[in-house]
Amino acid sequence: MTKMIAGVASVGEALLALHEGADVIDMLDPARGTLGALDPDTCKSITKIIDGRRPLSVCTGDYPEMVTEEVVAEVRRRASLAMDFLRIGFAGTRQDASCVRALARFSAMTRLVGVVFAERTNSLHLLDAFAEWGFSAAILDTARKDGPSLRKLKTEVDLALFVRRARTNGLLVGLSGNLAAGDIPPLLTLEPDYLYFRSALCVHRYRNGFIDPLEFRAVRSAIPMEEVYPSSMGTRDQARSSNTR
């Protein structure tokens with residue numbers, strides 16, 4: 001069953017996401033970019049108030065040049081927050097593959113989620129590297145949040161191939177990128193593990209603004225829910241045990 005990931009930027013938004021039924025709560029600062037890193041103190045406050053009631057994910061920030069040392073240093077800092085999942089974006093550079101290899105050491109601490117972008121050309125090839133170096137999941141996103149949505153950049157065939165390639169590699173797979181509630185029914189037919197939302201949850205779809213409960217409910221109601229929580233993504237302890245390879 002496809003799960004809903006909600007991107008939140010504050011403690012208040014995290015509580016709203018919890019009470020409105022998000023399956024996974026992802027922490028990011030949308031004002032700082034596509035995968036903007038939320039300040040650590042806010043991440044710790046969210047972790048404390050959610051108190052294990054939902055799996056938590058955190059972004060590591062945008063690294064357009066993908067300098068391996070910089071990416072590794074930030075992942076190390078974020079891994080120390082003991083989140084269930086760590087989302088790392090890959091900008092489509094020649095350094096992407098070396099970054100994937102360098103990050104393998106952190107797969108024993110948290111589930112690594114590789115984010116690749118629809119505007120780039122090496123997305124499918126990176127799925128093979130993710131699987132080889134201990135990543136747990138892959139998300140196909142859009143790099144530009146003021147540009148076309150995922151479904152305008154990729155055909156249904158493209159998206160189906162991405163989902164299938166990830167599954168073949170034993171990865172969980174998510175789709176994201178300026179998605180709206182109307183995108184949900186056709187995407188559900190592809191059976192991704194997760195759909196990620198930020199803009200669609202916000203007032204006037206302004207991702208740097210605030211989550212609107214009514215918009216949140218419109219998205220949540222379009223994705224069938226399991227009657228019993230927890231979600232299949234599991235808790236932090238389950239995530240760690242699953243990464244012992």
# chains A, B, ... in the order shown; residues from 1 in each chain; ligands from 1

$ residues_around --residues "Ala160 in chain A" --least-positions-apart "3" --cutoff "9 Å" --atoms "only C-alpha atoms" --output "JSON, numbers by chain"
{"A": [155, 156, 157, 163, 164, 165, 190, 191, 192]}

$ write_last_selection --atoms "C-alpha atoms" --output "mmCIF file, in the first residue's frame"
data_model
loop_
_atom_site.group_PDB
_atom_site.id
_atom_site.type_symbol
_atom_site.label_atom_id
_atom_site.label_comp_id
_atom_site.auth_asym_id
_atom_site.auth_seq_id
_atom_site.Cartn_x
_atom_site.Cartn_y
_atom_site.Cartn_z
ATOM 1 C CA THR A 155 5.633 10.161 -18.870
ATOM 2 C CA GLU A 156 3.755 7.387 -17.133
ATOM 3 C CA VAL A 157 6.081 4.921 -18.864
ATOM 4 C CA VAL A 163 9.511 2.204 -9.963
ATOM 5 C CA ARG A 164 10.327 -1.135 -11.560
ATOM 6 C CA ARG A 165 14.101 -0.498 -11.631
ATOM 7 C CA LEU A 190 2.143 2.621 -10.458
ATOM 8 C CA GLU A 191 2.191 1.297 -6.883
ATOM 9 C CA PRO A 192 5.099 3.302 -5.460
#

$ select_by_dssp --residues "range 45-187 of chain A" --states "strand (DSSP E or B)" --output "list in words"
Leu56, Ser57, Val58, Cys59, Phe85, Leu86, Arg87, Ile88, Gly89, Arg111, Leu112, Val113, Gly114, Val115, Val116, Phe117, Ala137, Ala138, Ile139, Leu140, Asp141, Leu172, Val173, Gly174 and Leu175 of chain A

$ write_last_selection --atoms "C-alpha atoms" --output "compact mmCIF listing (two decimals), in the first residue's frame"
# COMPACT_ATOMS: atom_id res chain seq x y z
CA LEU A 56 10.98 10.56 10.96
CA SER A 57 13.10 11.62 8.02
CA VAL A 58 15.50 14.52 7.59
CA CYS A 59 17.06 16.27 4.57
CA PHE A 85 15.64 8.05 7.39
CA LEU A 86 18.16 10.41 5.83
CA ARG A 87 17.34 11.98 2.44
CA ILE A 88 20.33 12.84 0.28
CA GLY A 89 19.96 14.57 -3.07
CA ARG A 111 18.17 4.18 6.32
CA LEU A 112 19.70 6.15 3.47
CA VAL A 113 17.27 7.53 0.89
CA GLY A 114 18.79 8.66 -2.39
CA VAL A 115 16.89 11.47 -4.13
CA VAL A 116 17.38 11.81 -7.87
CA PHE A 117 15.86 14.45 -10.10
CA ALA A 137 15.18 3.70 -0.79
CA ALA A 138 15.10 6.03 -3.78
CA ILE A 139 12.84 8.98 -4.52
CA LEU A 140 12.35 10.59 -7.92
CA ASP A 141 11.80 14.32 -7.40
CA LEU A 172 11.77 1.10 -1.56
CA VAL A 173 10.63 3.73 -4.04
CA GLY A 174 8.96 7.12 -3.73
CA LEU A 175 7.70 9.78 -6.14

$ residues_around --residues "Thr121 in chain A" --least-positions-apart "2" --cutoff "12 Å" --atoms "only C-alpha atoms" --output "PyMOL selection string"
chain A and resi 90-94+116-119+123-126+140+153-154+158

$ closest_residue --among "A:Ala102, A:Leu150, A:Ala200, A:Val72" --to "Ala181 in chain A" --atoms "only C-alpha atoms"
A:Ala200

$ residues_around --residues "Leu188 in chain A" --least-positions-apart "2" --cutoff "10 Å" --atoms "only C-alpha atoms" --output "PyMOL selection string"
chain A and resi 1-3+183-186+190-195+222-224

$ write_last_selection --atoms "N, CA and C atoms" --output "compact mmCIF listing (two decimals), in the first residue's frame"
# COMPACT_ATOMS: atom_id res chain seq x y z
N MET A 1 0.84 -1.20 0.00
CA MET A 1 0.00 0.00 0.00
C MET A 1 0.88 1.25 0.00
N THR A 2 0.54 2.22 -0.83
CA THR A 2 1.32 3.45 -0.93
C THR A 2 1.13 4.30 0.32
N LYS A 3 2.23 4.83 0.83
CA LYS A 3 2.22 5.65 2.04
C LYS A 3 2.41 7.12 1.68
N ASP A 183 -2.87 14.48 -8.88
CA ASP A 183 -1.87 13.54 -9.40
C ASP A 183 -1.95 12.19 -8.71
N ILE A 184 -2.61 12.11 -7.59
CA ILE A 184 -2.56 10.91 -6.77
C ILE A 184 -3.17 9.69 -7.47
N PRO A 185 -4.40 9.76 -8.01
CA PRO A 185 -4.99 8.54 -8.60
C PRO A 185 -4.11 7.89 -9.68
N PRO A 186 -3.58 8.65 -10.67
CA PRO A 186 -2.75 7.98 -11.67
C PRO A 186 -1.43 7.45 -11.10
N LEU A 190 0.75 3.06 -10.30
CA LEU A 190 2.14 2.62 -10.46
C LEU A 190 2.65 1.89 -9.22
N GLU A 191 1.89 1.98 -8.14
CA GLU A 191 2.19 1.30 -6.88
C GLU A 191 3.56 1.65 -6.29
N PRO A 192 3.88 2.94 -6.21
CA PRO A 192 5.10 3.30 -5.46
C PRO A 192 4.88 3.03 -3.98
N ASP A 193 5.96 2.91 -3.25
CA ASP A 193 5.84 2.71 -1.81
C ASP A 193 5.41 4.00 -1.12
N TYR A 194 5.85 5.15 -1.66
CA TYR A 194 5.58 6.44 -1.03
C TYR A 194 5.30 7.53 -2.05
N LEU A 195 4.44 8.45 -1.66
CA LEU A 195 4.26 9.71 -2.36
C LEU A 195 4.58 10.82 -1.38
N ALA A 222 -7.08 11.15 -0.39
CA ALA A 222 -6.93 10.55 -1.71
C ALA A 222 -6.03 9.32 -1.72
N ILE A 223 -5.33 9.07 -0.59
CA ILE A 223 -4.42 7.93 -0.48
C ILE A 223 -5.01 6.95 0.53
N PRO A 224 -5.41 5.77 0.10
CA PRO A 224 -6.00 4.81 1.05
C PRO A 224 -5.08 4.56 2.24

$ select_by_dssp --residues "range 3-213 of chain A" --states "helix (DSSP H, G or I)" --output "ChimeraX atom specification"
/A:11-19,30-32,40-50,68-79,96-108,123-132,150-153,156-168,181-188,199-201,203-205,213

$ write_last_selection --atoms "C-alpha atoms" --output "PDB file, in the first residue's frame"
ATOM      1  CA  VAL A  11       7.112  21.577  15.434  1.00  0.00           C
ATOM      2  CA  GLY A  12       3.571  22.833  14.809  1.00  0.00           C
ATOM      3  CA  GLU A  13       3.523  21.404  11.286  1.00  0.00           C
ATOM      4  CA  ALA A  14       4.917  18.113  12.547  1.00  0.00           C
ATOM      5  CA  LEU A  15       2.094  17.823  15.082  1.00  0.00           C
ATOM      6  CA  LEU A  16      -0.466  18.632  12.412  1.00  0.00           C
ATOM      7  CA  ALA A  17       1.036  15.960  10.130  1.00  0.00           C
ATOM      8  CA  LEU A  18       0.913  13.457  12.978  1.00  0.00           C
ATOM      9  CA  HIS A  19      -2.715  14.116  13.854  1.00  0.00           C
ATOM     10  CA  PRO A  30      11.889  24.723   2.058  1.00  0.00           C
ATOM     11  CA  ALA A  31      13.222  28.283   2.103  1.00  0.00           C
ATOM     12  CA  ARG A  32      16.741  26.861   1.816  1.00  0.00           C
ATOM     13  CA  PRO A  40      19.221  20.727  14.186  1.00  0.00           C
ATOM     14  CA  ASP A  41      17.505  22.224  17.242  1.00  0.00           C
ATOM     15  CA  THR A  42      14.130  22.187  15.478  1.00  0.00           C
ATOM     16  CA  CYS A  43      14.778  18.614  14.339  1.00  0.00           C
ATOM     17  CA  LYS A  44      15.479  17.583  17.930  1.00  0.00           C
ATOM     18  CA  SER A  45      12.311  19.323  19.134  1.00  0.00           C
ATOM     19  CA  ILE A  46      10.235  17.524  16.507  1.00  0.00           C
ATOM     20  CA  THR A  47      11.806  14.203  17.431  1.00  0.00           C
ATOM     21  CA  LYS A  48      10.981  14.748  21.084  1.00  0.00           C
ATOM     22  CA  ILE A  49       7.354  15.734  20.521  1.00  0.00           C
ATOM     23  CA  ILE A  50       6.603  12.993  17.962  1.00  0.00           C
ATOM     24  CA  THR A  68      32.261  14.288  -1.586  1.00  0.00           C
ATOM     25  CA  GLU A  69      33.887  15.659   1.565  1.00  0.00           C
ATOM     26  CA  GLU A  70      31.119  18.244   2.044  1.00  0.00           C
ATOM     27  CA  VAL A  71      28.319  15.747   1.500  1.00  0.00           C
ATOM     28  CA  VAL A  72      29.884  13.194   3.849  1.00  0.00           C
ATOM     29  CA  ALA A  73      30.391  15.823   6.565  1.00  0.00           C
ATOM     30  CA  GLU A  74      26.745  16.922   6.406  1.00  0.00           C
ATOM     31  CA  VAL A  75      25.445  13.355   6.369  1.00  0.00           C
ATOM     32  CA  ARG A  76      27.574  12.626   9.420  1.00  0.00           C
ATOM     33  CA  ARG A  77      26.054  15.616  11.236  1.00  0.00           C
ATOM     34  CA  ARG A  78      22.518  14.612  10.274  1.00  0.00           C
ATOM     35  CA  ALA A  79      23.074  10.937  11.099  1.00  0.00           C
ATOM     36  CA  ASP A  96      27.411  11.339  -7.696  1.00  0.00           C
ATOM     37  CA  ALA A  97      28.686   7.768  -7.831  1.00  0.00           C
ATOM     38  CA  SER A  98      31.689   8.482  -5.601  1.00  0.00           C
ATOM     39  CA  CYS A  99      29.375  10.177  -3.090  1.00  0.00           C
ATOM     40  CA  VAL A 100      27.151   7.107  -3.022  1.00  0.00           C
ATOM     41  CA  ARG A 101      30.140   4.893  -2.245  1.00  0.00           C
ATOM     42  CA  ALA A 102      31.439   7.274   0.428  1.00  0.00           C
ATOM     43  CA  LEU A 103      28.061   7.308   2.197  1.00  0.00           C
ATOM     44  CA  ALA A 104      27.782   3.530   2.495  1.00  0.00           C
ATOM     45  CA  ARG A 105      29.379   3.693   5.947  1.00  0.00           C
ATOM     46  CA  PHE A 106      26.281   5.420   7.319  1.00  0.00           C
ATOM     47  CA  SER A 107      23.840   2.716   6.248  1.00  0.00           C
ATOM     48  CA  ALA A 108      24.317   0.949   9.593  1.00  0.00           C
ATOM     49  CA  SER A 123      18.533   8.684 -12.482  1.00  0.00           C
ATOM     50  CA  LEU A 124      18.123   5.025 -13.420  1.00  0.00           C
ATOM     51  CA  HIS A 125      21.849   4.286 -13.279  1.00  0.00           C
ATOM     52  CA  LEU A 126      22.085   5.665  -9.764  1.00  0.00           C
ATOM     53  CA  LEU A 127      19.475   3.172  -8.572  1.00  0.00           C
ATOM     54  CA  ASP A 128      21.978   0.391  -9.232  1.00  0.00           C
ATOM     55  CA  ALA A 129      24.606   2.221  -7.172  1.00  0.00           C
ATOM     56  CA  PHE A 130      22.161   2.855  -4.327  1.00  0.00           C
ATOM     57  CA  ALA A 131      21.440  -0.849  -4.054  1.00  0.00           C
ATOM     58  CA  GLU A 132      25.106  -1.814  -4.266  1.00  0.00           C
ATOM     59  CA  LEU A 150       6.960  15.419 -11.972  1.00  0.00           C
ATOM     60  CA  ARG A 151       4.089  14.223 -14.149  1.00  0.00           C
ATOM     61  CA  LYS A 152       4.789  16.980 -16.681  1.00  0.00           C
ATOM     62  CA  LEU A 153       8.482  16.134 -16.857  1.00  0.00           C
ATOM     63  CA  GLU A 156       3.755   7.387 -17.133  1.00  0.00           C
ATOM     64  CA  VAL A 157       6.081   4.921 -18.864  1.00  0.00           C
ATOM     65  CA  ASP A 158       9.135   6.765 -17.485  1.00  0.00           C
ATOM     66  CA  LEU A 159       7.719   6.664 -13.969  1.00  0.00           C
ATOM     67  CA  ALA A 160       6.776   3.003 -14.253  1.00  0.00           C
ATOM     68  CA  LEU A 161      10.333   2.189 -15.368  1.00  0.00           C
ATOM     69  CA  PHE A 162      11.757   4.063 -12.384  1.00  0.00           C
ATOM     70  CA  VAL A 163       9.511   2.204  -9.963  1.00  0.00           C
ATOM     71  CA  ARG A 164      10.327  -1.135 -11.560  1.00  0.00           C
ATOM     72  CA  ARG A 165      14.101  -0.498 -11.631  1.00  0.00           C
ATOM     73  CA  ALA A 166      14.080   0.467  -7.955  1.00  0.00           C
ATOM     74  CA  ARG A 167      12.093  -2.637  -7.047  1.00  0.00           C
ATOM     75  CA  THR A 168      14.405  -4.846  -9.082  1.00  0.00           C
ATOM     76  CA  ALA A 181      -4.029  15.965  -5.076  1.00  0.00           C
ATOM     77  CA  GLY A 182      -5.125  15.374  -8.663  1.00  0.00           C
ATOM     78  CA  ASP A 183      -1.874  13.543  -9.398  1.00  0.00           C
ATOM     79  CA  ILE A 184      -2.562  10.906  -6.775  1.00  0.00           C
ATOM     80  CA  PRO A 185      -4.986   8.543  -8.601  1.00  0.00           C
ATOM     81  CA  PRO A 186      -2.748   7.977 -11.671  1.00  0.00           C
ATOM     82  CA  LEU A 187       0.370   7.645  -9.512  1.00  0.00           C
ATOM     83  CA  LEU A 188      -1.290   5.076  -7.264  1.00  0.00           C
ATOM     84  CA  SER A 199       3.550  22.327  -1.804  1.00  0.00           C
ATOM     85  CA  ALA A 200       0.178  20.576  -2.080  1.00  0.00           C
ATOM     86  CA  LEU A 201      -0.195  20.752   1.699  1.00  0.00           C
ATOM     87  CA  VAL A 203      -1.765  27.572   1.686  1.00  0.00           C
ATOM     88  CA  HIS A 204      -1.996  28.536  -2.027  1.00  0.00           C
ATOM     89  CA  ARG A 205       0.580  25.778  -2.765  1.00  0.00           C
ATOM     90  CA  PRO A 213      -5.167  21.472   7.451  1.00  0.00           C
TER      91      PRO A 213
END

$ atom_distance --atom1 "CA of Met83 in chain A" --atom2 "CA of Ala22 in chain A"
16.4 Å

$ atom_distance --atom1 "CA of Ile25 in chain A" --atom2 "CA of Asn178 in chain A"
17.1 Å

$ decode --residues "range 76-198 of chain A" --atoms "C-alpha atoms" --output "short mmCIF file (atom, residue, chain, number, x, y, z; two decimals), in the first residue's frame"
data_model
loop_
_atom_site.label_atom_id
_atom_site.label_comp_id
_atom_site.auth_asym_id
_atom_site.auth_seq_id
_atom_site.Cartn_x
_atom_site.Cartn_y
_atom_site.Cartn_z
CA ARG A 76 27.57 12.63 9.42
CA ARG A 77 26.05 15.62 11.24
CA ARG A 78 22.52 14.61 10.27
CA ALA A 79 23.07 10.94 11.10
CA SER A 80 23.98 11.98 14.64
CA LEU A 81 20.37 13.15 15.06
CA ALA A 82 19.33 9.47 15.02
CA MET A 83 16.51 9.81 12.51
CA ASP A 84 14.80 6.84 10.91
CA PHE A 85 15.64 8.05 7.39
CA LEU A 86 18.16 10.41 5.83
CA ARG A 87 17.34 11.98 2.44
CA ILE A 88 20.33 12.84 0.28
CA GLY A 89 19.96 14.57 -3.07
CA PHE A 90 22.16 13.70 -6.05
CA ALA A 91 22.57 16.60 -8.45
CA GLY A 92 23.48 14.70 -11.60
CA THR A 93 27.23 15.36 -11.50
CA ARG A 94 30.22 13.14 -12.20
CA GLN A 95 30.78 12.95 -8.46
CA ASP A 96 27.41 11.34 -7.70
CA ALA A 97 28.69 7.77 -7.83
CA SER A 98 31.69 8.48 -5.60
CA CYS A 99 29.37 10.18 -3.09
CA VAL A 100 27.15 7.11 -3.02
CA ARG A 101 30.14 4.89 -2.25
CA ALA A 102 31.44 7.27 0.43
CA LEU A 103 28.06 7.31 2.20
CA ALA A 104 27.78 3.53 2.49
CA ARG A 105 29.38 3.69 5.95
CA PHE A 106 26.28 5.42 7.32
CA SER A 107 23.84 2.72 6.25
CA ALA A 108 24.32 0.95 9.59
CA MET A 109 23.17 4.08 11.45
CA THR A 110 20.04 4.99 9.50
CA ARG A 111 18.17 4.18 6.32
CA LEU A 112 19.70 6.15 3.47
CA VAL A 113 17.27 7.53 0.89
CA GLY A 114 18.79 8.66 -2.39
CA VAL A 115 16.89 11.47 -4.13
CA VAL A 116 17.38 11.81 -7.87
CA PHE A 117 15.86 14.45 -10.10
CA ALA A 118 13.63 14.20 -13.13
CA GLU A 119 15.57 16.97 -14.90
CA ARG A 120 18.76 14.87 -14.82
CA THR A 121 19.70 11.99 -17.12
CA ASN A 122 21.43 9.49 -14.81
CA SER A 123 18.53 8.68 -12.48
CA LEU A 124 18.12 5.03 -13.42
CA HIS A 125 21.85 4.29 -13.28
CA LEU A 126 22.08 5.67 -9.76
CA LEU A 127 19.48 3.17 -8.57
CA ASP A 128 21.98 0.39 -9.23
CA ALA A 129 24.61 2.22 -7.17
CA PHE A 130 22.16 2.85 -4.33
CA ALA A 131 21.44 -0.85 -4.05
CA GLU A 132 25.11 -1.81 -4.27
CA TRP A 133 26.18 0.56 -1.49
CA GLY A 134 23.54 -0.04 1.14
CA PHE A 135 20.85 2.54 0.45
CA SER A 136 17.35 1.53 1.44
CA ALA A 137 15.18 3.70 -0.79
CA ALA A 138 15.10 6.03 -3.78
CA ILE A 139 12.84 8.98 -4.52
CA LEU A 140 12.35 10.59 -7.92
CA ASP A 141 11.80 14.32 -7.40
CA THR A 142 12.00 17.59 -9.32
CA ALA A 143 14.97 19.88 -8.78
CA ARG A 144 13.04 23.08 -9.57
CA LYS A 145 10.11 23.78 -7.29
CA ASP A 146 9.00 26.72 -9.44
CA GLY A 147 8.97 24.58 -12.57
CA PRO A 148 6.91 21.74 -14.06
CA SER A 149 5.61 18.96 -11.86
CA LEU A 150 6.96 15.42 -11.97
CA ARG A 151 4.09 14.22 -14.15
CA LYS A 152 4.79 16.98 -16.68
CA LEU A 153 8.48 16.13 -16.86
CA LYS A 154 8.07 12.37 -17.03
CA THR A 155 5.63 10.16 -18.87
CA GLU A 156 3.76 7.39 -17.13
CA VAL A 157 6.08 4.92 -18.86
CA ASP A 158 9.13 6.76 -17.48
CA LEU A 159 7.72 6.66 -13.97
CA ALA A 160 6.78 3.00 -14.25
CA LEU A 161 10.33 2.19 -15.37
CA PHE A 162 11.76 4.06 -12.38
CA VAL A 163 9.51 2.20 -9.96
CA ARG A 164 10.33 -1.14 -11.56
CA ARG A 165 14.10 -0.50 -11.63
CA ALA A 166 14.08 0.47 -7.95
CA ARG A 167 12.09 -2.64 -7.05
CA THR A 168 14.40 -4.85 -9.08
CA ASN A 169 17.26 -3.46 -6.99
CA GLY A 170 15.45 -4.22 -3.75
CA LEU A 171 14.85 -0.55 -2.97
CA LEU A 172 11.77 1.10 -1.56
CA VAL A 173 10.63 3.73 -4.04
CA GLY A 174 8.96 7.12 -3.73
CA LEU A 175 7.70 9.78 -6.14
CA SER A 176 7.70 13.51 -5.47
CA GLY A 177 7.94 16.86 -7.24
CA ASN A 178 5.24 19.52 -7.09
CA LEU A 179 2.58 16.84 -6.81
CA ALA A 180 -1.06 17.90 -6.38
CA ALA A 181 -4.03 15.97 -5.08
CA GLY A 182 -5.13 15.37 -8.66
CA ASP A 183 -1.87 13.54 -9.40
CA ILE A 184 -2.56 10.91 -6.77
CA PRO A 185 -4.99 8.54 -8.60
CA PRO A 186 -2.75 7.98 -11.67
CA LEU A 187 0.37 7.65 -9.51
CA LEU A 188 -1.29 5.08 -7.26
CA THR A 189 -1.68 2.80 -10.28
CA LEU A 190 2.14 2.62 -10.46
CA GLU A 191 2.19 1.30 -6.88
CA PRO A 192 5.10 3.30 -5.46
CA ASP A 193 5.84 2.71 -1.81
CA TYR A 194 5.58 6.44 -1.03
CA LEU A 195 4.26 9.71 -2.36
CA TYR A 196 5.90 12.85 -0.97
CA PHE A 197 4.11 16.19 -0.54
CA ARG A 198 4.99 19.69 0.54
#
